[in-house]
file protein10.cif (mmCIF, C-alpha atoms and all ligand atoms)
data_query
loop_
_atom_site.group_PDB
_atom_site.id
_atom_site.type_symbol
_atom_site.label_atom_id
_atom_site.label_comp_id
_atom_site.auth_asym_id
_atom_site.auth_seq_id
_atom_site.Cartn_x
_atom_site.Cartn_y
_atom_site.Cartn_z
ATOM 1 C CA MET A 1 -17.111 -5.704 -15.451
ATOM 2 C CA ARG A 2 -15.240 -2.793 -17.026
ATOM 3 C CA ASP A 3 -11.765 -1.891 -15.781
ATOM 4 C CA PRO A 4 -11.657 1.198 -13.513
ATOM 5 C CA PRO A 5 -10.058 4.317 -15.066
ATOM 6 C CA PRO A 6 -6.304 4.608 -14.529
ATOM 7 C CA ALA A 7 -5.097 6.245 -11.322
ATOM 8 C CA ILE A 8 -3.936 9.849 -11.502
ATOM 9 C CA ILE A 9 -0.885 10.630 -9.365
ATOM 10 C CA HIS A 10 -0.770 13.997 -7.548
ATOM 11 C CA VAL A 11 1.861 15.624 -5.370
ATOM 12 C CA VAL A 12 -0.366 17.160 -2.682
ATOM 13 C CA ASP A 13 0.094 20.690 -1.338
ATOM 14 C CA SER A 14 -2.124 22.976 0.728
ATOM 15 C CA SER A 15 -4.064 24.058 -2.364
ATOM 16 C CA SER A 16 -4.942 20.454 -3.262
ATOM 17 C CA ALA A 17 -5.545 19.104 0.270
ATOM 18 C CA THR A 18 -9.234 18.566 -0.570
ATOM 19 C CA LEU A 19 -8.126 15.568 -2.652
ATOM 20 C CA LEU A 20 -7.980 13.825 0.731
ATOM 21 C CA ASN A 21 -11.686 14.403 1.364
ATOM 22 C CA ARG A 22 -12.409 10.943 -0.029
ATOM 23 C CA VAL A 23 -9.967 8.176 0.855
ATOM 24 C CA ASP A 24 -10.418 4.409 0.728
ATOM 25 C CA ASP A 25 -10.463 2.950 4.262
ATOM 26 C CA ASP A 26 -7.301 0.871 3.944
ATOM 27 C CA VAL A 27 -4.914 3.421 2.384
ATOM 28 C CA PHE A 28 -3.753 4.986 5.681
ATOM 29 C CA ASP A 29 -3.499 3.151 9.023
ATOM 30 C CA HIS A 30 -6.124 5.503 10.525
ATOM 31 C CA PRO A 31 -8.678 7.990 9.177
ATOM 32 C CA VAL A 32 -7.099 11.201 7.856
ATOM 33 C CA ARG A 33 -7.579 14.063 10.333
ATOM 34 C CA PRO A 34 -7.869 17.483 8.652
ATOM 35 C CA GLU A 35 -5.793 19.274 11.321
ATOM 36 C CA LEU A 36 -2.964 16.721 11.004
ATOM 37 C CA LEU A 37 -3.110 16.887 7.203
ATOM 38 C CA SER A 38 -2.821 20.711 7.375
ATOM 39 C CA ALA A 39 0.109 20.467 9.795
ATOM 40 C CA PHE A 40 1.835 17.953 7.516
ATOM 41 C CA LEU A 41 1.369 20.082 4.395
ATOM 42 C CA ALA A 42 2.490 23.261 6.182
ATOM 43 C CA GLN A 43 6.026 21.820 6.439
ATOM 44 C CA PRO A 44 7.792 22.260 3.084
ATOM 45 C CA SER A 45 10.151 19.409 3.969
ATOM 46 C CA ASN A 46 7.238 16.918 3.931
ATOM 47 C CA ILE A 47 6.070 15.190 0.737
ATOM 48 C CA LEU A 48 2.724 13.471 0.182
ATOM 49 C CA VAL A 49 1.795 11.883 -3.141
ATOM 50 C CA VAL A 50 -1.555 10.230 -3.755
ATOM 51 C CA ALA A 51 -3.170 8.063 -6.421
ATOM 52 C CA VAL A 52 -6.740 9.048 -7.250
ATOM 53 C CA VAL A 53 -9.347 6.981 -9.120
ATOM 54 C CA SER A 54 -12.785 8.488 -9.813
ATOM 55 C CA GLY A 55 -12.225 11.183 -7.151
ATOM 56 C CA VAL A 56 -11.171 8.727 -4.425
ATOM 57 C CA VAL A 57 -7.649 8.397 -2.998
ATOM 58 C CA VAL A 58 -6.676 4.740 -3.455
ATOM 59 C CA GLY A 59 -2.967 4.999 -2.680
ATOM 60 C CA MET A 60 -0.400 7.228 -1.028
ATOM 61 C CA ALA A 61 3.313 7.579 -0.360
ATOM 62 C CA SER A 62 4.659 10.004 2.220
ATOM 63 C CA GLY A 63 8.035 11.056 3.468
ATOM 64 C CA PHE A 64 10.148 13.927 4.702
ATOM 65 C CA THR A 65 13.420 15.450 3.620
ATOM 66 C CA TYR A 66 16.112 16.361 6.093
ATOM 67 C CA VAL A 67 19.699 17.508 6.376
ATOM 68 C CA HIS A 68 22.248 16.617 9.008
ATOM 69 C CA PRO A 69 25.355 18.681 9.834
ATOM 70 C CA ASP A 70 27.562 16.149 8.063
ATOM 71 C CA LYS A 71 25.154 14.752 5.465
ATOM 72 C CA PRO A 72 23.353 16.317 2.483
ATOM 73 C CA LEU A 73 19.607 16.455 1.973
ATOM 74 C CA ALA A 74 17.955 13.004 2.016
ATOM 75 C CA LEU A 75 14.407 11.634 1.824
ATOM 76 C CA PHE A 76 13.032 9.298 4.439
ATOM 77 C CA LEU A 77 10.216 7.434 2.673
ATOM 78 C CA ASN A 78 7.893 6.975 5.605
ATOM 79 C CA GLU A 79 4.766 5.144 4.394
ATOM 80 C CA VAL A 80 3.321 3.594 1.263
ATOM 81 C CA GLY A 81 -0.206 2.188 1.127
ATOM 82 C CA VAL A 82 -2.545 1.095 -1.648
ATOM 83 C CA SER A 83 -6.172 0.071 -1.243
ATOM 84 C CA LYS A 84 -6.525 -3.720 -1.513
ATOM 85 C CA ARG A 85 -9.025 -3.371 -4.344
ATOM 86 C CA PHE A 86 -6.208 -1.817 -6.445
ATOM 87 C CA HIS A 87 -3.281 -4.061 -5.531
ATOM 88 C CA ARG A 88 -0.963 -5.311 -8.259
ATOM 89 C CA ARG A 89 -1.899 -2.637 -10.772
ATOM 90 C CA GLY A 90 1.408 -0.762 -10.567
ATOM 91 C CA ILE A 91 0.059 2.040 -8.352
ATOM 92 C CA ALA A 92 2.715 1.769 -5.632
ATOM 93 C CA ARG A 93 5.399 1.644 -8.307
ATOM 94 C CA ARG A 94 4.094 4.955 -9.729
ATOM 95 C CA LEU A 95 3.761 6.533 -6.268
ATOM 96 C CA ILE A 96 7.360 5.697 -5.461
ATOM 97 C CA ALA A 97 8.584 7.067 -8.802
ATOM 98 C CA ALA A 98 6.674 10.303 -8.095
ATOM 99 C CA ILE A 99 7.971 10.791 -4.558
ATOM 100 C CA LEU A 100 11.557 10.052 -5.648
ATOM 101 C CA ASP A 101 11.185 12.555 -8.531
ATOM 102 C CA ARG A 102 9.952 15.214 -6.102
ATOM 103 C CA ALA A 103 12.824 14.467 -3.694
ATOM 104 C CA ARG A 104 15.308 14.765 -6.580
ATOM 105 C CA GLU A 105 13.791 18.143 -7.559
ATOM 106 C CA MET A 106 14.215 19.273 -3.945
ATOM 107 C CA GLY A 107 17.915 18.356 -4.106
ATOM 108 C CA CYS A 108 17.966 15.052 -2.220
ATOM 109 C CA GLN A 109 21.045 12.921 -2.771
ATOM 110 C CA GLU A 110 19.567 9.723 -1.388
ATOM 111 C CA ALA A 111 16.274 8.197 -0.249
ATOM 112 C CA TRP A 112 15.752 5.356 2.201
ATOM 113 C CA VAL A 113 12.892 3.300 3.552
ATOM 114 C CA ALA A 114 12.480 0.587 6.179
ATOM 115 C CA THR A 115 9.908 -2.162 6.491
ATOM 116 C CA GLU A 116 9.235 -5.259 8.533
ATOM 117 C CA VAL A 117 11.437 -8.219 7.607
ATOM 118 C CA ASP A 118 8.319 -10.335 6.951
ATOM 119 C CA ASN A 119 6.569 -7.731 4.753
ATOM 120 C CA LEU A 120 7.383 -9.506 1.506
ATOM 121 C CA PRO A 121 5.120 -7.409 -0.775
ATOM 122 C CA ALA A 122 6.836 -4.221 0.458
ATOM 123 C CA ARG A 123 10.313 -5.734 0.155
ATOM 124 C CA GLU A 124 9.570 -6.870 -3.408
ATOM 125 C CA LEU A 125 8.171 -3.438 -4.211
ATOM 126 C CA TYR A 126 11.255 -1.592 -2.941
ATOM 127 C CA ARG A 127 13.546 -3.987 -4.802
ATOM 128 C CA ALA A 128 11.465 -3.662 -7.993
ATOM 129 C CA THR A 129 11.696 0.140 -7.840
ATOM 130 C CA GLY A 130 15.486 0.243 -7.556
ATOM 131 C CA GLY A 131 15.999 0.089 -3.806
ATOM 132 C CA VAL A 132 19.120 -1.740 -2.691
ATOM 133 C CA GLU A 133 18.757 -3.724 0.520
ATOM 134 C CA ASP A 134 21.140 -2.728 3.299
ATOM 135 C CA ASP A 135 22.595 -5.980 4.612
ATOM 136 C CA ARG A 136 23.031 -4.571 8.149
ATOM 137 C CA HIS A 137 19.538 -5.439 9.412
ATOM 138 C CA ALA A 138 18.210 -2.919 11.925
ATOM 139 C CA VAL A 139 16.008 -3.247 15.006
ATOM 140 C CA VAL A 140 13.474 -0.550 15.944
ATOM 141 C CA TYR A 141 13.027 0.809 19.504
ATOM 142 C CA VAL A 142 10.098 3.021 20.498
ATOM 143 C CA TYR A 143 10.167 5.509 23.400
ATOM 144 C CA PRO A 144 6.626 6.317 24.553
ATOM 145 C CA LEU A 145 6.847 10.019 25.452
ATOM 146 C CA SER A 146 3.329 10.634 26.693
ATOM 147 C CA GLY A 147 3.773 8.783 30.035
ATOM 148 C CA ARG A 148 5.732 9.841 33.145
ATOM 149 C CA GLY A 149 9.125 9.219 31.552
ATOM 150 C CA ASP A 150 10.830 7.973 34.742
ATOM 151 C CA GLU A 151 11.704 4.441 33.591
ATOM 152 C CA SER A 152 15.492 4.867 34.146
HETATM 153 C C1 LIG B 201 3.181 -3.046 -0.646
HETATM 154 C C2 LIG B 201 2.043 -2.346 -1.399
HETATM 155 C C3 LIG B 201 2.139 -0.831 -1.149
HETATM 156 C C4 LIG B 201 2.195 -2.642 -2.911
HETATM 157 O O1 LIG B 201 1.225 -1.877 -3.625
HETATM 158 P P1 LIG B 201 0.783 -2.256 -5.116
HETATM 159 O O2 LIG B 201 0.171 -1.042 -5.730
HETATM 160 O O3 LIG B 201 -0.041 -3.497 -5.087
HETATM 161 O O4 LIG B 201 2.178 -2.575 -5.815
HETATM 162 P P2 LIG B 201 2.487 -2.530 -7.378
HETATM 163 O O5 LIG B 201 1.333 -3.114 -8.130
HETATM 164 O O6 LIG B 201 2.952 -1.188 -7.787
HETATM 165 O O7 LIG B 201 3.700 -3.553 -7.478
HETATM 166 C C5 LIG B 201 5.007 -3.196 -7.950
HETATM 167 C C6 LIG B 201 5.919 -4.374 -7.737
HETATM 168 O O8 LIG B 201 6.073 -4.649 -6.336
HETATM 169 C C7 LIG B 201 6.136 -6.067 -6.110
HETATM 170 N N1 LIG B 201 4.945 -6.516 -5.376
HETATM 171 C C8 LIG B 201 3.875 -5.785 -5.004
HETATM 172 N N2 LIG B 201 3.004 -6.525 -4.283
HETATM 173 C C9 LIG B 201 3.542 -7.759 -4.199
HETATM 174 C C10 LIG B 201 3.111 -8.973 -3.576
HETATM 175 N N3 LIG B 201 1.955 -9.074 -2.898
HETATM 176 N N4 LIG B 201 3.927 -10.061 -3.680
HETATM 177 C C11 LIG B 201 5.103 -9.994 -4.345
HETATM 178 N N5 LIG B 201 5.557 -8.862 -4.977
HETATM 179 C C12 LIG B 201 4.782 -7.767 -4.878
HETATM 180 C C13 LIG B 201 6.178 -6.696 -7.516
HETATM 181 O O9 LIG B 201 7.524 -6.731 -7.935
HETATM 182 C C14 LIG B 201 5.390 -5.661 -8.328
HETATM 183 O O10 LIG B 201 5.681 -5.710 -9.703
HETATM 184 P P3 LIG B 201 4.841 -6.710 -10.677
HETATM 185 O O11 LIG B 201 3.381 -6.545 -10.332
HETATM 186 O O12 LIG B 201 5.203 -6.225 -12.044
HETATM 187 O O13 LIG B 201 5.331 -8.097 -10.351
HETATM 188 C C15 LIG B 201 0.654 -2.887 -0.958
HETATM 189 O O14 LIG B 201 0.700 -4.311 -0.924
HETATM 190 C C16 LIG B 201 0.184 -2.377 0.388
HETATM 191 O O15 LIG B 201 -0.452 -1.317 0.483
HETATM 192 N N6 LIG B 201 0.480 -3.133 1.463
HETATM 193 C C17 LIG B 201 0.036 -2.734 2.818
HETATM 194 C C18 LIG B 201 0.819 -1.532 3.355
HETATM 195 C C19 LIG B 201 2.316 -1.817 3.408
HETATM 196 O O16 LIG B 201 2.756 -2.868 3.840
HETATM 197 N N7 LIG B 201 3.101 -0.790 2.991
HETATM 198 C C20 LIG B 201 4.555 -0.879 2.954
HETATM 199 C C21 LIG B 201 5.209 -0.657 4.273
HETATM 200 S S1 LIG B 201 4.920 0.970 4.916
#
call {"tool": "encode", "arguments": {"input": "protein10.cif", "output": "structure tokens", "more": "lines below"}}
Ligand SMILES: CC(C)(COP(=O)(O)OP(=O)(O)OC[C@H]1O[C@@H](n2cnc3c(N)ncnc32)[C@H](O)[C@@H]1OP(=O)(O)O)[C@@H](O)C(=O)NCCC(=O)NCCS
result
Amino acid sequence: MRDPPPAIIHVVDSSSATLLNRVDDDVFDHPVRPELLSAFLAQPSNILVVAVVSGVVVGMASGFTYVHPDKPLALFLNEVGVSKRFHRRGIARRLIAAILDRAREMGCQEAWVATEVDNLPARELYRATGGVEDDRHAVVYVYPLSGRGDES
């Protein structure tokens, strides 16, 4: 069987949102919803980069930039996902390079990402792309905000 054509990496904006019309099932956690995609792209602080092969999105990296009163602009790298049929072809590596380049252009001084301790592929990926592991391991807490909110 012939190799598929190489992936093309795009930084998505409102004018190129139709790239997301065709997405492999396992790139995002859930199907892309057009109204949420529009809301995401309407915020200039958000970044979405995708990898496209033969008109189909087979990988993505997303994040948002933010400032804090005492800290300069930074990127939180929120999610990275590549379709299983394209694993280990260097697509995530290229997506991360592209999102970091975009963050640099926007003036970010730092980027950071978190993943599950047992997600070894992701940990290897972040290490392989220049990420330095923070040795103060963190724990995540979630506040469900759609309930009654009287758990105090
Ligand atoms: C993690 C993930 C994004 C990697 O995507 P990918 O396109 O296959 O990664 P790449 O081919 O660019 O790999 C780059 C480097 O990352 C590391 N790596 C990637 N997958 C790995 C694996 N399964 N085991 C060990 N190292 C791995 C390697 O160092 C690799 O370089 P090499 O192939 O030259 O050895 C992919 O496995 C995935 O989508 N996983 C499910 C979603 C997820 O867990 N996302 C991250 C948390 S949000």
call {"tool": "axis_aligned_box", "arguments": {"input": "protein10.cif", "around": "ligand LIG 201 (chain B)", "padding_each_side": "6 Å", "output": "AutoDock Vina command-line options"}}
result
--center_x 3.5 --center_y -4.5 --center_z -3.6 --size_x 20.0 --size_y 23.0 --size_z 29.0
call {"tool": "closest_atom_pairs", "arguments": {"input": "protein10.cif", "of": "region 15-83 of chain A", "to": "region 102-121 of chain A", "cutoff": "6 Å", "atoms": "all atoms listed in the file", "output": "JSON lines"}}
result
{"residue": "A:Leu73", "atom": "CA", "partner": "A:Cys108", "partner_atom": "CA", "distance": 4.7}
{"residue": "A:Ala74", "atom": "CA", "partner": "A:Cys108", "partner_atom": "CA", "distance": 4.7}
{"residue": "A:Leu75", "atom": "CA", "partner": "A:Ala111", "partner_atom": "CA", "distance": 4.4}
{"residue": "A:Phe76", "atom": "CA", "partner": "A:Trp112", "partner_atom": "CA", "distance": 5.3}
{"residue": "A:Leu77", "atom": "CA", "partner": "A:Val113", "partner_atom": "CA", "distance": 5.0}
call {"tool": "residues_near_ligand", "arguments": {"input": "protein10.cif", "ligand": "ligand LIG 201 (chain B)", "cutoff": "7 Å", "atoms": "all atoms listed in the file", "output": "PDB file with C-alpha atoms, in the frame of the given file"}}
result
ATOM      1  CA  VAL A  27      -4.914   3.421   2.384  1.00  0.00           C
ATOM      2  CA  ASN A  78       7.893   6.975   5.605  1.00  0.00           C
ATOM      3  CA  GLU A  79       4.766   5.144   4.394  1.00  0.00           C
ATOM      4  CA  VAL A  80       3.321   3.594   1.263  1.00  0.00           C
ATOM      5  CA  GLY A  81      -0.206   2.188   1.127  1.00  0.00           C
ATOM      6  CA  VAL A  82      -2.545   1.095  -1.648  1.00  0.00           C
ATOM      7  CA  SER A  83      -6.172   0.071  -1.243  1.00  0.00           C
ATOM      8  CA  LYS A  84      -6.525  -3.720  -1.513  1.00  0.00           C
ATOM      9  CA  PHE A  86      -6.208  -1.817  -6.445  1.00  0.00           C
ATOM     10  CA  HIS A  87      -3.281  -4.061  -5.531  1.00  0.00           C
ATOM     11  CA  ARG A  88      -0.963  -5.311  -8.259  1.00  0.00           C
ATOM     12  CA  ARG A  89      -1.899  -2.637 -10.772  1.00  0.00           C
ATOM     13  CA  GLY A  90       1.408  -0.762 -10.567  1.00  0.00           C
ATOM     14  CA  ILE A  91       0.059   2.040  -8.352  1.00  0.00           C
ATOM     15  CA  ALA A  92       2.715   1.769  -5.632  1.00  0.00           C
ATOM     16  CA  ARG A  93       5.399   1.644  -8.307  1.00  0.00           C
ATOM     17  CA  ARG A  94       4.094   4.955  -9.729  1.00  0.00           C
ATOM     18  CA  THR A 115       9.908  -2.162   6.491  1.00  0.00           C
ATOM     19  CA  ASN A 119       6.569  -7.731   4.753  1.00  0.00           C
ATOM     20  CA  LEU A 120       7.383  -9.506   1.506  1.00  0.00           C
ATOM     21  CA  PRO A 121       5.120  -7.409  -0.775  1.00  0.00           C
ATOM     22  CA  ALA A 122       6.836  -4.221   0.458  1.00  0.00           C
ATOM     23  CA  GLU A 124       9.570  -6.870  -3.408  1.00  0.00           C
ATOM     24  CA  LEU A 125       8.171  -3.438  -4.211  1.00  0.00           C
ATOM     25  CA  TYR A 126      11.255  -1.592  -2.941  1.00  0.00           C
ATOM     26  CA  ALA A 128      11.465  -3.662  -7.993  1.00  0.00           C
TER      27      ALA A 128
END
call {"tool": "atom_distance", "arguments": {"input": "protein10.cif", "atom1": "CA of Gly63 (chain A)", "atom2": "CA of Pro5 (chain A)"}}
result
26.8 Å
call {"tool": "resolve_selection", "arguments": {"input": "protein10.cif", "expression": "the PyMOL selection byres (((chain A and resi 53) around 12) and not hetatm)", "output": "PyMOL selection string"}}
result
chain A and resi 3-10+19+22-24+50-52+54-59+82-83+85-86+91
call {"tool": "resolve_selection", "arguments": {"input": "protein10.cif", "expression": "the PyMOL selection byres (((chain A and resi 38) around 12) and not hetatm)", "output": "ChimeraX atom specification"}}
result
/A:12-18,20,32-37,39-44,46,48
call {"tool": "atom_distance", "arguments": {"input": "protein10.cif", "atom1": "CA of Lys71 (chain A)", "atom2": "CA of Leu95 (chain A)"}}
result
25.7 Å
call {"tool": "closest_residue", "arguments": {"input": "protein10.cif", "among": "A:Asp135, A:Pro72, A:Leu100, A:Arg2", "to": "Val49 (chain A)", "atoms": "only C-alpha atoms"}}
result
A:Leu100
